[in-house]
Amino acid sequence: MTENKPLKVGVIGLGVGEQHVKSYNAVPDVEVTSICDINLDHAKEVGARRKVSDCHTDPKKIIEDPDIDVISICSYDNFHADQAVAAFQNGKHVFVEKPIALHKSDLERVIRAQQDSGKKISSNLILRESPRFKEIRQMVQNDEFGDIYYMEGDYIHQILWKITEGWRGAMDFYCITYGGGIHLIDLMRWIIGKKVTEVTGMGVKKATDGSQFLYPDIITNLLRFEDEVLAKTTTMFMPQRHKFHSLNIYGSKLSFENGKPHGRLFSGDEEKDEKPCTTPYPAMAKGDLLPDFIEAIRKGEEPNVGAKDVYSVMDICFACWESVKEKKTIPVSYSFQAE
């Protein structure tokens with residue numbers, strides 16, 4: 001059913017959540033009316049900057065507010081599933097930062113609550129908004145790459161403090177693939193439009209000894225897609241490098257390697273067969289998916305990052321972690337049957 005009325009939004013968690021507030025308030029007939037953070041002073045500071053007067057420390061004040069239509073969940077990762085379930089049970093549309101759950105049983109609870117509510121869900125898999133990656137996807141869909149043989153999608157960024165000092169490392173469980181590699185796993189899956197069937201992985205703990213973080217700090221997984229396409233994804237937070245999304249796609253007609261300022265396209269094995277890909281990258285901001293989410297709510301359609309995408313990439317990530325933990329190949333078991 002189309003929702004034509006002005007939409008009221010609540011935002012829980014005001015780290016990246018402040019960017020959500022900014023993006024929602026730029027959409028016509030959308031107003032952020034209530035915000036929440038564990039630090040009330042910070043909530044009031046954000047409220048003053050973004051002209052939101054209703055500030056809380058208790059998420060229930062937003063989740064149970066009958067006047068709120070849409071909720072963005074930007075809290076700590078271990079709160080996402082419970083808050084999403086409660087939001088659906090209270091009749092809200094939900095945009096949730098990734099990962100939406102840390103355990104498969106929690107993902108299944110979210111799926112049931114969302115389906116029972118009939119409301120929309122999306123997540124901030126923001127690389128889909130990069131103009132360069134959009135162009136590469138269109139080229140793949142147009143068969144300009146021919147048969148895709150192999151891909152690499154790595155999340156490598158010097159942000160070790162996020163797990164050695166920040167809240168992620170203080171949680172009972174945290175997998176770096178869920179917070180980093182998920183972006184590239186989703187990107188590869190979206191670009192080629194195929195399903196991951198099984199994964200094999202390894203993890204090591206190399207840079208976090210003596211810290212609060214108890215889990216592998218480097219994880220590499222091999223992914224087998226339908227049609228015998230293979231891919232590799234690595235997540236690590238410690239090397240000396242600026243944030244960059246390493247995406248390489250190798251096909252029978254054309255291959256692509258991402259780079260800065262330009263990527264590279266290869267149509268053969270000679271120097272003359274290499275051309276720059278100058279389409280802007282990354283050229284997107286953290287709140288860029290929100291206007292599409294609002295439009296999907298209004299039209300009663302699936303957003304660009306829809307329920308199938310949100311749930312399927314989490315199931316792939318769960319298999320990635322299980323393969324590291326169990327030291328064996330794991331078939332991907334999809335919780336959302338529409339996959």
# chains A, B, ... in the order shown; residues from 1 in each chain; ligands from 1
$ select_by_dssp --residues "region 58-260 of chain A" --states "helix (DSSP H, G or I)" --output "VMD selection string"
chain A and resid 60 to 63 77 to 89 104 to 117 126 to 129 131 to 141 161 to 164 167 to 170 176 to 192 226 to 228
$ residues_around --residues "region 231-239 of chain A" --least-positions-apart "3" --cutoff "8 Å" --atoms "only C-alpha atoms" --output "ChimeraX atom specification"
/A:150-160,176-177,180-181,184-185,207,217-225
$ residues_around --residues "region 253-262 of chain A" --least-positions-apart "5" --cutoff "12 Å" --atoms "only C-alpha atoms" --output "JSON, numbers by chain"
{"A": [132, 133, 135, 136, 137, 139, 140, 142, 143, 144, 145, 146, 147, 148, 149, 150, 151, 152, 153, 154, 242, 243, 244, 245, 246, 247, 248, 267, 268, 269, 273, 274, 275, 276, 277, 278, 279, 280, 281, 282, 283]}
$ residues_around --residues "Pro291 (chain A)" --least-positions-apart "4" --cutoff "9 Å" --atoms "only C-alpha atoms" --output "PyMOL selection string"
chain A and resi 23-24+26-27+287+295-296
$ residues_around --residues "Lys120 (chain A)" --least-positions-apart "5" --cutoff "8 Å" --atoms "only C-alpha atoms" --output "list of chain:residue names"
A:His93, A:Val94, A:Gln114, A:Ile297, A:Glu302, A:Gly306, A:Ala307
$ write_last_selection --atoms "N, CA and C atoms" --output "mmCIF file, in the first residue's frame"
data_model
loop_
_atom_site.group_PDB
_atom_site.id
_atom_site.type_symbol
_atom_site.label_atom_id
_atom_site.label_comp_id
_atom_site.auth_asym_id
_atom_site.auth_seq_id
_atom_site.Cartn_x
_atom_site.Cartn_y
_atom_site.Cartn_z
ATOM 1 N N HIS A 93 8.660 0.825 9.655
ATOM 2 C CA HIS A 93 9.630 0.463 8.641
ATOM 3 C C HIS A 93 11.020 0.629 9.257
ATOM 4 N N VAL A 94 11.972 -0.223 8.855
ATOM 5 C CA VAL A 94 13.271 -0.243 9.538
ATOM 6 C C VAL A 94 14.420 -0.179 8.542
ATOM 7 N N GLN A 114 9.560 -9.035 10.560
ATOM 8 C CA GLN A 114 9.377 -8.168 9.391
ATOM 9 C C GLN A 114 8.257 -8.686 8.495
ATOM 10 N N ILE A 297 9.036 2.964 0.388
ATOM 11 C CA ILE A 297 7.923 2.947 1.346
ATOM 12 C C ILE A 297 6.705 3.619 0.727
ATOM 13 N N GLU A 302 10.027 -2.682 -3.311
ATOM 14 C CA GLU A 302 11.263 -3.024 -2.625
ATOM 15 C C GLU A 302 12.316 -1.943 -2.884
ATOM 16 N N GLY A 306 16.952 -4.494 -0.773
ATOM 17 C CA GLY A 306 15.698 -4.995 -0.239
ATOM 18 C C GLY A 306 15.883 -6.132 0.740
ATOM 19 N N ALA A 307 14.764 -6.712 1.168
ATOM 20 C CA ALA A 307 14.788 -7.756 2.191
ATOM 21 C C ALA A 307 15.646 -8.937 1.765
#
$ residues_around --residues "Glu326 (chain A)" --least-positions-apart "5" --cutoff "10 Å" --atoms "only C-alpha atoms" --output "ChimeraX atom specification"
/A:200-202,321
